[in-house]
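The structure appears right after this line, and notes come after that.
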Amino acid sequence: MRVAIYEWCVSGGCGDPAASIAAEGRLMLEALAADAVREARHEVTVLVGAGREVALPPRVRPVPVPAGADAAALVAAARAADWTIVVAPETDGILCDLVHAVRRSGGRALAPGPSVLAVAADKQATVDALAARGVPVPAGRPLAAGEPLPPGFRLPAVRKARASCGGDGLEILATDDGPPAATPSRLECHVPGLPVGVSCICGAGATTVLPPLRQRFTAGAVPRYLGGDLLADEPLAARARTLARRAVAALGADAGWLGVDLILGDRGDGRDDRVLEVNPRITTSIVAHARLFETSLVAALISAAGGEPPTLRPVRTASGCGFRLPLDPPAPAACAPCPTPT
């Protein structure tokens, strides 16, 4: 089974990525490559852009990519592979364009179908689709590029770019006198609570919900994503799994990896819980999840894409399952025992 892996920063798609985005991309790619070769039958190829550094396992074959040739290299790799994984930002349609390029070339992408990919890549379209199916989302509205906050909108509010990743363009607004955003955005009420990410492996037969992670952010008006830890509180984790499953079903996702970001409110009955967005691609949670299982998540993705129930075997303990991006303080203590995926 030949598997090709492309990550936008490491594979050369981004000419000069910011340090935080580059570090996040490298973490994802290294975790993906190490996970993929857990399956003995996988022959793994990773596209590595000129001047990029990445630590790959011995069984992984790096393919050098000349500057500016990442899209062509991706298409060539996809044609030679049985499956291709594309990790890229939703910004400016980059993710959609790359996945479409793989599929137009005759390659098979481990990604959602075109309609789900398009909706999930747009944060406003995502919440519209979720709300239409009864999934709770924050109250809000779209803003055109340069449009000021509407008078009387409830503050504090959250403004985020409609197509973005990694918290790019995310702002918490305490007043309405700031400058308007330069790009199309979504404005929504700030929902207090616990930020949680839930990753789902989707297939035609079923959705496998992985253990939820508590997300960490910096404080302040422009939060930065720092990483996550296993959510050890089982009642909270159960609420997160249920809401994530509802979100995936509402979008009609039947393939690929979807990361559901949500807020768990203070009420134990879950009435204050809200889905914030859905990432139609592998996210940095792969760093933690790759430590939670002895079996390959990439193999599980391939099984699900083929309509077979994925096999995942948790590790006996989940010590060190959390992860931190470089901006973060020292690593946390060992996590609680790993729950079985549902």
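Labels for the structure tokens follow display order: chains A, B, ..., residues from 1 in each chain, ligands from 1.
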
Contacts of Asp92 of chain A within 10 Å, only C-alpha atoms, excl. fewer than 4 positions in-chain, as a compact mmCIF listing (two decimals) with C-alpha atoms, in the first residue's frame:
# COMPACT_ATOMS: atom_id res chain seq x y z
CA CYS A 96 -9.65 22.52 -1.64
CA ASP A 97 -7.44 23.28 -4.64
CA ALA A 121 -13.51 25.16 4.55
CA ARG A 162 -14.10 32.73 7.09
CA ALA A 163 -11.30 30.67 5.50
CA SER A 164 -8.33 30.20 7.80

>> Set the distance at 10 Å and use only C-alpha atoms: which residues neighbour Gly268 of chain A once local chain neighbours fewer than 5 positions away are removed? I'd like the list as a PyMOL selection string.
In response: chain A and resi 235-236+239+273

> atom CA of Leu230 of chain A and atom CA of Arg38 of chain A are how many Å apart?
Replying inline: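 Those two atoms sit 22.0 Å apart.
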
>> Give me, as an MDAnalysis selection string, the residues of segment 124-158 of chain A that a backbone DSSP run labels alpha helix (DSSP H).
In response: chainID A and resid 124:132

Within 8 Å of Pro114 of chain A, counting only C-alpha atoms, which residues show up once you throw out same-chain ones fewer than 3 positions away? Write them as a PDB file with C-alpha atoms, in the first residue's frame, please.
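around_29.pdb, freshly written:
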ATOM      1  CA  CYS A  96      -9.652  22.523  -1.644  1.00  0.00           C
ATOM      2  CA  HIS A 100      -9.065  18.645  -6.189  1.00  0.00           C
ATOM      3  CA  LEU A 117     -14.743  19.952   1.859  1.00  0.00           C
ATOM      4  CA  ALA A 118     -16.145  23.184   0.422  1.00  0.00           C
TER       5      ALA A 118
END

>> Please list as an NGL selection string every residue within 6 Å of Thr45 of chain A, counting only C-alpha atoms and excluding residues in the same chain fewer than 5 positions away.
In response: :A and (4 or 60-62)

>> So that I can see what lies close to segment 199-207 of chain A, please list as a ChimeraX atom specification the residues with an atom at most 7 Å from it, counting only C-alpha atoms and leaving out residues fewer than 3 positions away in the same chain.
In response: /A:210,253-260,301,304-305,307

>> Let me make sure I understand: among A:Ala139, A:Ala219, A:Ala129, A:Leu187, which one has the smallest atom-to-atom distance to Ala157 of chain A if we use only C-alpha atoms?
In response: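 Looking only at the distances to Ala157 of chain A, the closest residue turns out to be A:Leu187.
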
>> Using DSSP assignments from the backbone, pull out every residue in segment 46-289 of chain A that falls under strand (DSSP E) and give it to me as number ranges by chain.
In response: A: 46-49, 61-65, 83-87, 140-143, 157-161, 171-173, 185-189, 194-202, 207-209, 213-217, 225-230, 256-264, 274-279
